[in-house]
$ cat model.cif   # mmCIF, C-alpha atoms
data_final
loop_
_atom_site.label_atom_id
_atom_site.label_comp_id
_atom_site.auth_asym_id
_atom_site.auth_seq_id
_atom_site.Cartn_x
_atom_site.Cartn_y
_atom_site.Cartn_z
CA MET Q 135 89.64 -105.02 -14.21
CA LYS Q 136 92.74 -102.85 -14.44
CA THR Q 137 94.21 -104.58 -11.39
CA ALA Q 138 93.37 -107.99 -12.85
CA LEU Q 139 95.14 -107.07 -16.07
CA LEU Q 140 98.21 -105.83 -14.23
CA CYS Q 141 98.44 -109.01 -12.15
CA THR Q 142 98.20 -111.10 -15.31
CA VAL Q 143 100.88 -109.08 -17.08
CA LEU Q 144 103.23 -109.12 -14.10
CA PHE Q 145 102.84 -112.88 -13.73
CA LEU Q 146 103.48 -113.51 -17.41
CA THR Q 147 106.44 -111.15 -17.43
CA ALA Q 148 107.99 -112.93 -14.46
CA CYS Q 149 107.59 -116.31 -16.15
CA SER Q 150 108.70 -115.32 -19.62
CA LYS Q 151 112.21 -115.28 -20.99
CA PRO Q 152 113.65 -111.75 -20.94
CA ALA Q 153 114.20 -110.10 -24.31
CA SER Q 154 117.82 -110.18 -25.37
CA THR Q 155 119.62 -106.88 -25.01
CA GLU Q 156 122.62 -108.02 -27.03
CA ASN Q 157 122.96 -108.16 -30.78
CA THR Q 158 125.98 -110.17 -31.88
CA SER Q 159 125.69 -108.99 -35.49
CA PRO Q 160 124.48 -105.37 -35.46
CA THR Q 161 122.30 -104.34 -38.38
CA PRO Q 162 123.89 -101.57 -40.49
CA LYS Q 163 122.23 -98.16 -40.30
CA ALA Q 164 119.82 -97.23 -43.06
CA GLU Q 165 121.16 -95.33 -46.06
CA THR Q 166 117.82 -93.53 -46.46
CA VAL Q 167 114.85 -92.90 -44.17
CA LYS Q 168 112.63 -95.97 -43.88
CA LEU Q 169 109.39 -96.47 -41.95
CA TYR Q 170 108.44 -99.94 -40.68
CA ALA Q 171 104.90 -100.64 -39.43
CA LEU Q 172 104.78 -103.06 -36.49
CA GLU Q 173 101.69 -104.72 -35.03
CA CYS Q 174 101.79 -104.15 -31.27
CA GLY Q 175 98.45 -105.68 -30.32
CA ARG Q 176 94.81 -105.93 -31.29
CA ILE Q 177 91.94 -104.21 -29.54
CA ASP Q 178 88.24 -105.05 -29.71
CA MET Q 179 86.54 -101.80 -28.72
CA LEU Q 180 83.42 -103.16 -26.99
CA ASP Q 181 81.86 -99.76 -26.29
CA LEU Q 182 82.62 -97.03 -28.82
CA SER Q 183 80.51 -94.48 -26.93
CA ILE Q 184 83.58 -93.45 -24.91
CA PHE Q 185 85.24 -92.22 -28.11
CA ALA Q 186 82.68 -89.49 -28.83
CA SER Q 187 81.52 -86.98 -26.23
CA ASN Q 188 78.62 -86.04 -28.53
CA GLY Q 189 77.14 -89.56 -28.63
CA ALA Q 190 78.07 -90.20 -32.28
CA PHE Q 191 79.23 -93.77 -31.56
CA ASP Q 192 76.69 -94.86 -28.94
CA GLY Q 193 75.85 -98.56 -29.15
CA GLN Q 194 78.69 -99.33 -31.60
CA THR Q 195 81.77 -101.56 -31.44
CA ASN Q 196 84.98 -101.72 -33.48
CA LYS Q 197 88.04 -103.88 -34.12
CA ALA Q 198 91.26 -101.87 -33.87
CA THR Q 199 95.00 -102.25 -34.06
CA SER Q 200 97.66 -101.05 -31.66
CA SER Q 201 100.49 -100.11 -33.99
CA CYS Q 202 104.10 -99.08 -33.42
CA TYR Q 203 106.63 -97.72 -35.88
CA LEU Q 204 110.35 -98.03 -36.42
CA ILE Q 205 111.94 -95.17 -38.30
CA ARG Q 206 115.40 -96.06 -39.59
CA HIS Q 207 117.62 -93.08 -40.42
CA PRO Q 208 121.31 -92.87 -41.36
CA LYS Q 209 121.89 -91.24 -37.95
CA GLY Q 210 120.03 -93.85 -35.92
CA ASP Q 211 116.76 -95.63 -35.20
CA LEU Q 212 113.64 -94.12 -33.61
CA LEU Q 213 110.97 -96.35 -32.06
CA TRP Q 214 107.61 -94.56 -32.02
CA ASP Q 215 105.19 -96.05 -29.46
CA THR Q 216 105.59 -99.49 -27.90
CA GLY Q 217 102.02 -100.82 -27.90
CA LEU Q 218 100.46 -103.35 -25.55
CA PRO Q 219 102.74 -105.41 -23.27
CA ASP Q 220 104.57 -108.25 -25.01
CA ALA Q 221 103.74 -110.41 -21.97
CA LEU Q 222 100.13 -110.63 -23.19
CA HIS Q 223 101.38 -112.75 -26.08
CA ALA Q 224 101.26 -115.71 -23.68
CA LEU Q 225 97.46 -115.39 -23.50
CA LYS Q 226 96.27 -117.01 -26.72
CA ASP Q 227 92.75 -115.63 -26.42
CA GLY Q 228 93.75 -112.28 -24.92
CA ILE Q 229 92.02 -110.65 -21.97
CA THR Q 230 89.07 -108.33 -21.40
CA ASN Q 231 89.97 -105.05 -19.71
CA GLY Q 232 86.94 -102.82 -19.12
CA PRO Q 233 85.52 -101.70 -22.51
CA PHE Q 234 88.33 -103.46 -24.41
CA HIS Q 235 89.34 -106.99 -25.30
CA ILE Q 236 93.06 -106.96 -26.01
CA SER Q 237 95.52 -109.47 -27.40
CA VAL Q 238 99.11 -109.55 -28.67
CA PRO Q 239 99.49 -112.12 -31.51
CA GLN Q 240 103.11 -111.12 -32.10
CA THR Q 241 105.54 -109.30 -29.86
CA LEU Q 242 107.25 -106.01 -30.54
CA SER Q 243 110.58 -107.46 -29.42
CA GLY Q 244 110.18 -110.40 -31.81
CA GLN Q 245 109.43 -108.14 -34.76
CA LEU Q 246 112.46 -105.98 -34.03
CA GLU Q 247 114.58 -109.11 -33.65
CA GLY Q 248 113.39 -110.15 -37.09
CA LEU Q 249 114.89 -106.90 -38.38
CA GLY Q 250 118.18 -107.67 -36.63
CA LEU Q 251 117.61 -105.29 -33.72
CA ALA Q 252 117.88 -105.87 -29.98
CA PRO Q 253 116.41 -103.34 -27.49
CA ASN Q 254 119.76 -101.63 -26.88
CA ASP Q 255 120.23 -101.09 -30.62
CA ILE Q 256 117.44 -98.50 -30.59
CA GLU Q 257 118.97 -95.03 -30.25
CA TYR Q 258 115.76 -93.03 -29.72
CA LEU Q 259 112.37 -93.75 -28.19
CA SER Q 260 109.33 -91.48 -28.27
CA LEU Q 261 105.72 -92.08 -27.24
CA SER Q 262 102.76 -90.25 -28.71
CA HIS Q 263 101.50 -90.32 -25.12
CA SER Q 264 101.71 -92.46 -22.01
CA HIS Q 265 98.50 -94.52 -22.17
CA PHE Q 266 98.86 -98.25 -21.58
CA ASP Q 267 98.34 -99.30 -25.21
CA HIS Q 268 101.09 -96.95 -26.43
CA ALA Q 269 103.65 -97.40 -23.66
CA GLY Q 270 103.14 -101.06 -22.75
CA ASN Q 271 106.75 -102.06 -23.46
CA ALA Q 272 108.47 -98.71 -23.02
CA GLY Q 273 110.58 -99.75 -20.05
CA ALA Q 274 112.32 -102.40 -22.15
CA TYR Q 275 113.80 -99.61 -24.30
CA ALA Q 276 115.05 -97.40 -21.48
CA SER Q 277 118.59 -97.64 -22.85
CA ALA Q 278 117.48 -95.39 -25.72
CA THR Q 279 117.35 -91.61 -25.46
CA PHE Q 280 113.75 -90.81 -24.54
CA ILE Q 281 112.38 -87.85 -26.53
CA VAL Q 282 109.35 -86.42 -24.76
CA ASN Q 283 107.18 -83.34 -24.61
CA GLU Q 284 107.91 -81.55 -21.32
CA THR Q 285 104.21 -81.45 -20.44
CA GLU Q 286 103.74 -85.16 -21.09
CA LEU Q 287 106.82 -85.99 -19.02
CA ALA Q 288 105.33 -84.16 -16.05
CA HIS Q 289 102.00 -85.93 -16.68
CA MET Q 290 103.68 -89.35 -16.79
CA PHE Q 291 105.45 -88.94 -13.46
CA ARG Q 292 102.86 -87.02 -11.45
CA ALA Q 293 101.64 -88.60 -8.20
CA GLU Q 294 98.38 -89.87 -9.74
CA ALA Q 295 100.27 -91.61 -12.55
CA ARG Q 296 102.64 -93.29 -10.11
CA ALA Q 297 99.61 -94.73 -8.33
CA ASP Q 298 98.26 -96.30 -11.54
CA VAL Q 299 99.19 -99.94 -11.02
CA GLN Q 300 98.28 -100.83 -14.61
CA SER Q 301 100.17 -98.22 -16.64
CA PHE Q 302 103.06 -96.88 -14.57
CA PRO Q 303 105.15 -100.08 -14.21
CA ALA Q 304 105.28 -100.41 -18.01
CA TYR Q 305 107.24 -97.17 -18.45
CA SER Q 306 108.62 -96.35 -14.98
CA ALA Q 307 112.18 -97.24 -16.10
CA LEU Q 308 112.11 -94.19 -18.38
CA GLU Q 309 112.39 -91.94 -15.32
CA THR Q 310 116.14 -92.53 -15.22
CA ALA Q 311 116.65 -92.79 -19.00
CA GLN Q 312 118.65 -90.21 -20.90
CA LYS Q 313 116.14 -87.66 -22.18
CA ILE Q 314 115.58 -84.93 -24.71
CA THR Q 315 112.64 -82.75 -23.69
CA PHE Q 316 110.92 -80.17 -25.85
CA THR Q 317 107.91 -77.91 -26.26
CA GLY Q 318 106.17 -77.25 -29.57
CA GLU Q 319 108.12 -79.63 -31.80
CA HIS Q 320 111.42 -81.49 -32.03
CA ASP Q 321 113.48 -82.30 -35.13
CA VAL Q 322 114.85 -85.74 -34.20
CA PHE Q 323 117.80 -85.95 -36.60
CA GLY Q 324 118.30 -82.25 -37.32
CA ASP Q 325 117.46 -82.49 -41.03
CA GLY Q 326 113.66 -82.09 -41.05
CA SER Q 327 113.02 -85.73 -41.97
CA VAL Q 328 111.50 -86.82 -38.65
CA THR Q 329 109.65 -84.30 -36.47
CA ILE Q 330 107.68 -84.82 -33.27
CA ILE Q 331 104.87 -82.25 -32.99
CA ASP Q 332 102.76 -81.20 -30.01
CA THR Q 333 99.04 -81.96 -30.45
CA SER Q 334 97.83 -81.73 -26.87
CA GLY Q 335 94.34 -82.49 -25.64
CA HIS Q 336 94.09 -86.28 -25.58
CA THR Q 337 96.70 -86.06 -22.84
CA PRO Q 338 98.38 -82.80 -21.77
CA GLY Q 339 101.49 -83.46 -23.87
CA HIS Q 340 100.18 -85.71 -26.65
CA THR Q 341 102.25 -85.66 -29.86
CA ILE Q 342 102.15 -86.82 -33.47
CA LEU Q 343 105.02 -87.80 -35.76
CA LYS Q 344 105.81 -86.33 -39.17
CA VAL Q 345 108.14 -88.35 -41.40
CA GLU Q 346 109.47 -87.21 -44.77
CA LEU Q 347 110.14 -90.12 -47.13
CA THR Q 348 111.78 -89.98 -50.55
CA ASN Q 349 109.10 -91.89 -52.48
CA THR Q 350 106.03 -91.72 -50.23
CA GLY Q 351 106.36 -88.05 -49.30
CA THR Q 352 105.07 -86.77 -45.98
CA VAL Q 353 103.61 -89.32 -43.55
CA LEU Q 354 101.71 -88.27 -40.41
CA LEU Q 355 101.29 -90.77 -37.56
CA SER Q 356 98.24 -89.72 -35.55
CA GLY Q 357 98.97 -91.11 -32.09
CA ASP Q 358 95.53 -90.91 -30.47
CA LEU Q 359 94.50 -87.54 -31.87
CA TYR Q 360 92.03 -89.73 -33.77
CA HIS Q 361 91.13 -93.31 -32.83
CA LEU Q 362 89.03 -94.15 -35.88
CA ASN Q 363 88.83 -92.97 -39.47
CA ARG Q 364 85.31 -91.80 -38.62
CA SER Q 365 86.68 -89.86 -35.66
CA ARG Q 366 88.63 -87.76 -38.13
CA GLU Q 367 85.65 -87.31 -40.42
CA LEU Q 368 83.31 -86.34 -37.57
CA ARG Q 369 85.86 -84.53 -35.32
CA THR Q 370 84.75 -86.57 -32.34
CA VAL Q 371 86.51 -86.20 -29.00
CA PRO Q 372 86.72 -89.10 -26.50
CA VAL Q 373 85.06 -88.52 -23.15
CA PHE Q 374 88.35 -89.32 -21.37
CA ASN Q 375 90.48 -86.68 -23.11
CA THR Q 376 92.08 -84.22 -20.71
CA ASP Q 377 90.92 -81.14 -22.67
CA GLU Q 378 88.24 -81.21 -25.38
CA ALA Q 379 88.78 -77.65 -26.59
CA GLU Q 380 92.53 -78.22 -26.85
CA THR Q 381 91.91 -81.46 -28.75
CA LEU Q 382 89.84 -79.60 -31.34
CA ARG Q 383 92.58 -76.98 -31.73
CA SER Q 384 95.09 -79.79 -32.24
CA MET Q 385 92.83 -81.34 -34.88
CA ASP Q 386 92.80 -78.02 -36.73
CA LYS Q 387 96.59 -77.86 -36.52
CA PHE Q 388 96.91 -81.45 -37.75
CA GLU Q 389 94.55 -80.96 -40.69
CA ALA Q 390 96.28 -77.76 -41.79
CA LEU Q 391 99.61 -79.59 -41.75
CA ALA Q 392 98.17 -82.57 -43.62
CA LYS Q 393 96.73 -80.29 -46.31
CA ARG Q 394 99.87 -78.17 -46.63
CA THR Q 395 102.13 -81.21 -47.05
CA ASN Q 396 99.67 -83.43 -48.95
CA ALA Q 397 100.44 -86.01 -46.28
CA LYS Q 398 99.64 -89.69 -46.10
CA VAL Q 399 97.76 -89.87 -42.78
CA ILE Q 400 97.94 -93.05 -40.72
CA ILE Q 401 95.38 -93.39 -37.93
CA GLN Q 402 97.37 -95.59 -35.59
CA HIS Q 403 94.39 -97.55 -34.24
CA SER Q 404 92.77 -98.01 -37.65
CA ALA Q 405 92.98 -101.65 -38.72
CA GLU Q 406 92.22 -100.48 -42.28
CA ASP Q 407 95.12 -98.00 -42.32
CA PHE Q 408 97.51 -100.51 -40.76
CA GLU Q 409 96.63 -103.36 -43.12
CA ALA Q 410 97.30 -101.09 -46.11
CA LEU Q 411 100.94 -100.64 -45.02
CA PRO Q 412 103.82 -102.92 -46.04
CA LYS Q 413 104.85 -105.34 -43.29
CA PRO Q 414 108.42 -106.12 -42.19
CA PRO Q 415 110.81 -106.73 -43.73
CA LEU Q 416 109.09 -104.38 -46.21
CA TYR Q 417 108.78 -100.68 -45.42
CA LEU Q 418 107.72 -97.26 -46.68
CA ASP Q 419 110.49 -95.10 -48.10
#

$ encode --input "model.cif" --output "structure tokens"
Amino acid sequence: MKTALLCTVLFLTACSKPASTENTSPTPKAETVKLYALECGRIDMLDLSIFASNGAFDGQTNKATSSCYLIRHPKGDLLWDTGLPDALHALKDGITNGPFHISVPQTLSGQLEGLGLAPNDIEYLSLSHSHFDHAGNAGAYASATFIVNETELAHMFRAEARADVQSFPAYSALETAQKITFTGEHDVFGDGSVTIIDTSGHTPGHTILKVELTNTGTVLLSGDLYHLNRSRELRTVPVFNTDEAETLRSMDKFEALAKRTNAKVIIQHSAEDFEALPKPPLYLD
């Protein structure tokens, strides 16, 4: 099924019109920090059992969102995650890929264009991790400076990853992109407003994003530390995580941070959390 999906995506990509990399009327930089929520695909989880190693979700299904986020800062724009491939937009009814049925009703590139941004207007790109539903369009933003956990970078470009015909082509262009690598955490703009934080376990270098907003306060974007709101409540660990014990330690770290900062937590795959957010051109600030 993975190979079938890749062939479909490659065919659609070859036949589709390339996203424009030029912006004839550049959008002015933000005067304050703003967070835009972008829909980067929809996912019907046909078998939730894989999201709980303890069997908590056996026999259940779920409708989820693949969400991406644009953080606009006076010093530049950060794109956090790139979702499912825009090429899937051409498939009106989506496609089934193993335990998932996926579709892309609106493209990431189209939503950014609606905000006056072309791919080469994005100064910084970071991925919570390199799975296909979070890095599906990453190569289109290779002109940005790629901010990445050192451990995840090694994971992304290891021999096994290069052999993954579904995921690797979507982000392979990042290999030659300008990079900022880090361990622990990275302050994107140097003022504490946007911080990428290591929460390993789902993948070896998985990260979350902390954003400080004037009116909303602290916002935490979960990446795939949690896939469902119930995952957070029950502390469930997917069977495909690279390290269950490390995932649980990262959950403890995340919850301590959320409590200390009284954060608004956004579970990135939660349709409920996503629908509660303002949609472009509206934003959190």

$ atom_distance --input "model.cif" --atom1 "CA of Val299 in chain Q" --atom2 "CA of His265 in chain Q"
12.4 Å

$ residues_around --input "model.cif" --residues "Thr310 in chain Q" --least-positions-apart "2" --cutoff "10 Å" --atoms "all atoms listed in the file" --output "list in words"
Ala276, Ser277, Phe280, Ser306, Ala307, Leu308, Gln312 and Lys313 of chain Q

$ closest_atom_pairs --input "model.cif" --of "range 167-220 of chain Q" --to "range 348-360 of chain Q" --cutoff "10 Å" --atoms "all atoms listed in the file" --output "Markdown table"
| residue | atom | partner | partner_atom | distance |
| --- | --- | --- | --- | --- |
| Q:Val167 | CA | Q:Thr348 | CA | 7.7 |
| Q:Lys168 | CA | Q:Thr348 | CA | 9.0 |
| Q:Leu169 | CA | Q:Val353 | CA | 9.3 |
| Q:Phe185 | CA | Q:Tyr360 | CA | 9.2 |
| Q:Ser201 | CA | Q:Gly357 | CA | 9.3 |
| Q:Cys202 | CA | Q:Gly357 | CA | 9.6 |
| Q:Tyr203 | CA | Q:Leu355 | CA | 8.9 |
| Q:Trp214 | CA | Q:Leu355 | CA | 9.2 |
| Q:Asp215 | CA | Q:Gly357 | CA | 8.4 |

$ resolve_selection --input "model.cif" --expression "the PyMOL selection byres ((chain Q and resi 418) around 8)" --output "ChimeraX atom specification"
/Q:168-170,347,350,411-412,416-417,419

$ resolve_selection --input "model.cif" --expression "the PyMOL selection byres ((chain Q and resi 318) around 10)" --output "NGL selection string"
:Q and (283-284 or 316-317 or 319-320 or 330-334 or 339 or 341)

$ write_last_selection --input "model.cif" --atoms "C-alpha atoms" --output "PDB file, in the coordinates of the input"
ATOM      1  CA  ASN Q 283     107.180 -83.340 -24.610  1.00  0.00           C
ATOM      2  CA  GLU Q 284     107.910 -81.550 -21.320  1.00  0.00           C
ATOM      3  CA  PHE Q 316     110.920 -80.170 -25.850  1.00  0.00           C
ATOM      4  CA  THR Q 317     107.910 -77.910 -26.260  1.00  0.00           C
ATOM      5  CA  GLU Q 319     108.120 -79.630 -31.800  1.00  0.00           C
ATOM      6  CA  HIS Q 320     111.420 -81.490 -32.030  1.00  0.00           C
ATOM      7  CA  ILE Q 330     107.680 -84.820 -33.270  1.00  0.00           C
ATOM      8  CA  ILE Q 331     104.870 -82.250 -32.990  1.00  0.00           C
ATOM      9  CA  ASP Q 332     102.760 -81.200 -30.010  1.00  0.00           C
ATOM     10  CA  THR Q 333      99.040 -81.960 -30.450  1.00  0.00           C
ATOM     11  CA  SER Q 334      97.830 -81.730 -26.870  1.00  0.00           C
ATOM     12  CA  GLY Q 339     101.490 -83.460 -23.870  1.00  0.00           C
ATOM     13  CA  THR Q 341     102.250 -85.660 -29.860  1.00  0.00           C
TER      14      THR Q 341
END

$ closest_residue --input "model.cif" --among "Q:Ala379, Q:Val282, Q:Val373, Q:Asp227" --to "Ile342 in chain Q" --atoms "all atoms listed in the file"
Q:Val282

$ resolve_selection --input "model.cif" --expression "the PyMOL selection byres ((chain Q and resi 405-407) around 10)" --output "ChimeraX atom specification"
/Q:173,176-177,196-201,362-363,399-404,408-411

$ closest_residue --input "model.cif" --among "Q:Asp178, Q:Tyr275, Q:Lys209, Q:Lys163" --to "Gly324 in chain Q" --atoms "all atoms listed in the file"
Q:Lys209

$ atom_distance --input "model.cif" --atom1 "CA of Glu286 in chain Q" --atom2 "CA of His263 in chain Q"
6.9 Å

$ atom_distance --input "model.cif" --atom1 "CA of His361 in chain Q" --atom2 "CA of Leu182 in chain Q"
10.1 Å

$ closest_residue --input "model.cif" --among "Q:Leu249, Q:Ala171, Q:Leu368, Q:Ala304" --to "His268 in chain Q" --atoms "all atoms listed in the file"
Q:Ala304

$ closest_residue --input "model.cif" --among "Q:Leu382, Q:His207, Q:Ala390, Q:Asn271" --to "Ser365 in chain Q" --atoms "all atoms listed in the file"
Q:Leu382

$ decode --input "model.cif" --residues "range 370-390 of chain Q" --atoms "N, CA and C atoms" --output "PDB file, in the first residue's frame"
ATOM      1  N   THR Q 370      -1.234   6.845  26.540  1.00  0.00           N
ATOM      2  CA  THR Q 370      -1.008   5.694  25.672  1.00  0.00           C
ATOM      3  C   THR Q 370       0.170   5.956  24.735  1.00  0.00           C
ATOM      4  N   VAL Q 371       0.871   4.900  24.401  1.00  0.00           N
ATOM      5  CA  VAL Q 371       2.039   4.981  23.523  1.00  0.00           C
ATOM      6  C   VAL Q 371       1.789   4.111  22.289  1.00  0.00           C
ATOM      7  N   PRO Q 372       1.891   4.666  21.083  1.00  0.00           N
ATOM      8  CA  PRO Q 372       1.703   3.865  19.871  1.00  0.00           C
ATOM      9  C   PRO Q 372       2.694   2.699  19.790  1.00  0.00           C
ATOM     10  N   VAL Q 373       2.258   1.635  19.154  1.00  0.00           N
ATOM     11  CA  VAL Q 373       3.106   0.444  19.053  1.00  0.00           C
ATOM     12  C   VAL Q 373       4.311   0.700  18.152  1.00  0.00           C
ATOM     13  N   PHE Q 374       4.228   1.733  17.294  1.00  0.00           N
ATOM     14  CA  PHE Q 374       5.314   1.994  16.343  1.00  0.00           C
ATOM     15  C   PHE Q 374       6.291   3.055  16.822  1.00  0.00           C
ATOM     16  N   ASN Q 375       6.148   3.545  18.051  1.00  0.00           N
ATOM     17  CA  ASN Q 375       7.132   4.498  18.571  1.00  0.00           C
ATOM     18  C   ASN Q 375       8.496   3.842  18.686  1.00  0.00           C
ATOM     19  N   THR Q 376       9.549   4.628  18.543  1.00  0.00           N
ATOM     20  CA  THR Q 376      10.891   4.048  18.590  1.00  0.00           C
ATOM     21  C   THR Q 376      11.323   3.694  20.015  1.00  0.00           C
ATOM     22  N   ASP Q 377      10.733   4.340  21.036  1.00  0.00           N
ATOM     23  CA  ASP Q 377      11.151   4.075  22.413  1.00  0.00           C
ATOM     24  C   ASP Q 377       9.994   4.426  23.348  1.00  0.00           C
ATOM     25  N   GLU Q 378       9.343   3.415  23.904  1.00  0.00           N
ATOM     26  CA  GLU Q 378       8.178   3.655  24.761  1.00  0.00           C
ATOM     27  C   GLU Q 378       8.566   4.348  26.061  1.00  0.00           C
ATOM     28  N   ALA Q 379       9.632   3.896  26.694  1.00  0.00           N
ATOM     29  CA  ALA Q 379      10.050   4.507  27.960  1.00  0.00           C
ATOM     30  C   ALA Q 379      10.423   5.970  27.762  1.00  0.00           C
ATOM     31  N   GLU Q 380      11.100   6.267  26.663  1.00  0.00           N
ATOM     32  CA  GLU Q 380      11.491   7.643  26.377  1.00  0.00           C
ATOM     33  C   GLU Q 380      10.251   8.492  26.070  1.00  0.00           C
ATOM     34  N   THR Q 381       9.264   7.904  25.413  1.00  0.00           N
ATOM     35  CA  THR Q 381       8.016   8.621  25.152  1.00  0.00           C
ATOM     36  C   THR Q 381       7.354   9.036  26.454  1.00  0.00           C
ATOM     37  N   LEU Q 382       7.291   8.132  27.412  1.00  0.00           N
ATOM     38  CA  LEU Q 382       6.662   8.439  28.702  1.00  0.00           C
ATOM     39  C   LEU Q 382       7.429   9.524  29.449  1.00  0.00           C
ATOM     40  N   ARG Q 383       8.752   9.506  29.354  1.00  0.00           N
ATOM     41  CA  ARG Q 383       9.540  10.581  29.971  1.00  0.00           C
ATOM     42  C   ARG Q 383       9.246  11.916  29.287  1.00  0.00           C
ATOM     43  N   SER Q 384       9.085  11.895  27.970  1.00  0.00           N
ATOM     44  CA  SER Q 384       8.763  13.119  27.242  1.00  0.00           C
ATOM     45  C   SER Q 384       7.374  13.619  27.607  1.00  0.00           C
ATOM     46  N   MET Q 385       6.441  12.718  27.831  1.00  0.00           N
ATOM     47  CA  MET Q 385       5.104  13.117  28.285  1.00  0.00           C
ATOM     48  C   MET Q 385       5.184  13.828  29.629  1.00  0.00           C
ATOM     49  N   ASP Q 386       5.988  13.291  30.531  1.00  0.00           N
ATOM     50  CA  ASP Q 386       6.167  13.928  31.839  1.00  0.00           C
ATOM     51  C   ASP Q 386       6.745  15.332  31.673  1.00  0.00           C
ATOM     52  N   LYS Q 387       7.728  15.448  30.815  1.00  0.00           N
ATOM     53  CA  LYS Q 387       8.358  16.752  30.545  1.00  0.00           C
ATOM     54  C   LYS Q 387       7.339  17.731  29.970  1.00  0.00           C
ATOM     55  N   PHE Q 388       6.546  17.258  29.025  1.00  0.00           N
ATOM     56  CA  PHE Q 388       5.532  18.088  28.370  1.00  0.00           C
ATOM     57  C   PHE Q 388       4.500  18.563  29.389  1.00  0.00           C
ATOM     58  N   GLU Q 389       4.002  17.656  30.209  1.00  0.00           N
ATOM     59  CA  GLU Q 389       2.947  18.011  31.158  1.00  0.00           C
ATOM     60  C   GLU Q 389       3.459  18.973  32.223  1.00  0.00           C
ATOM     61  N   ALA Q 390       4.703  18.812  32.639  1.00  0.00           N
ATOM     62  CA  ALA Q 390       5.279  19.747  33.607  1.00  0.00           C
ATOM     63  C   ALA Q 390       5.377  21.143  33.005  1.00  0.00           C
TER      64      ALA Q 390
END
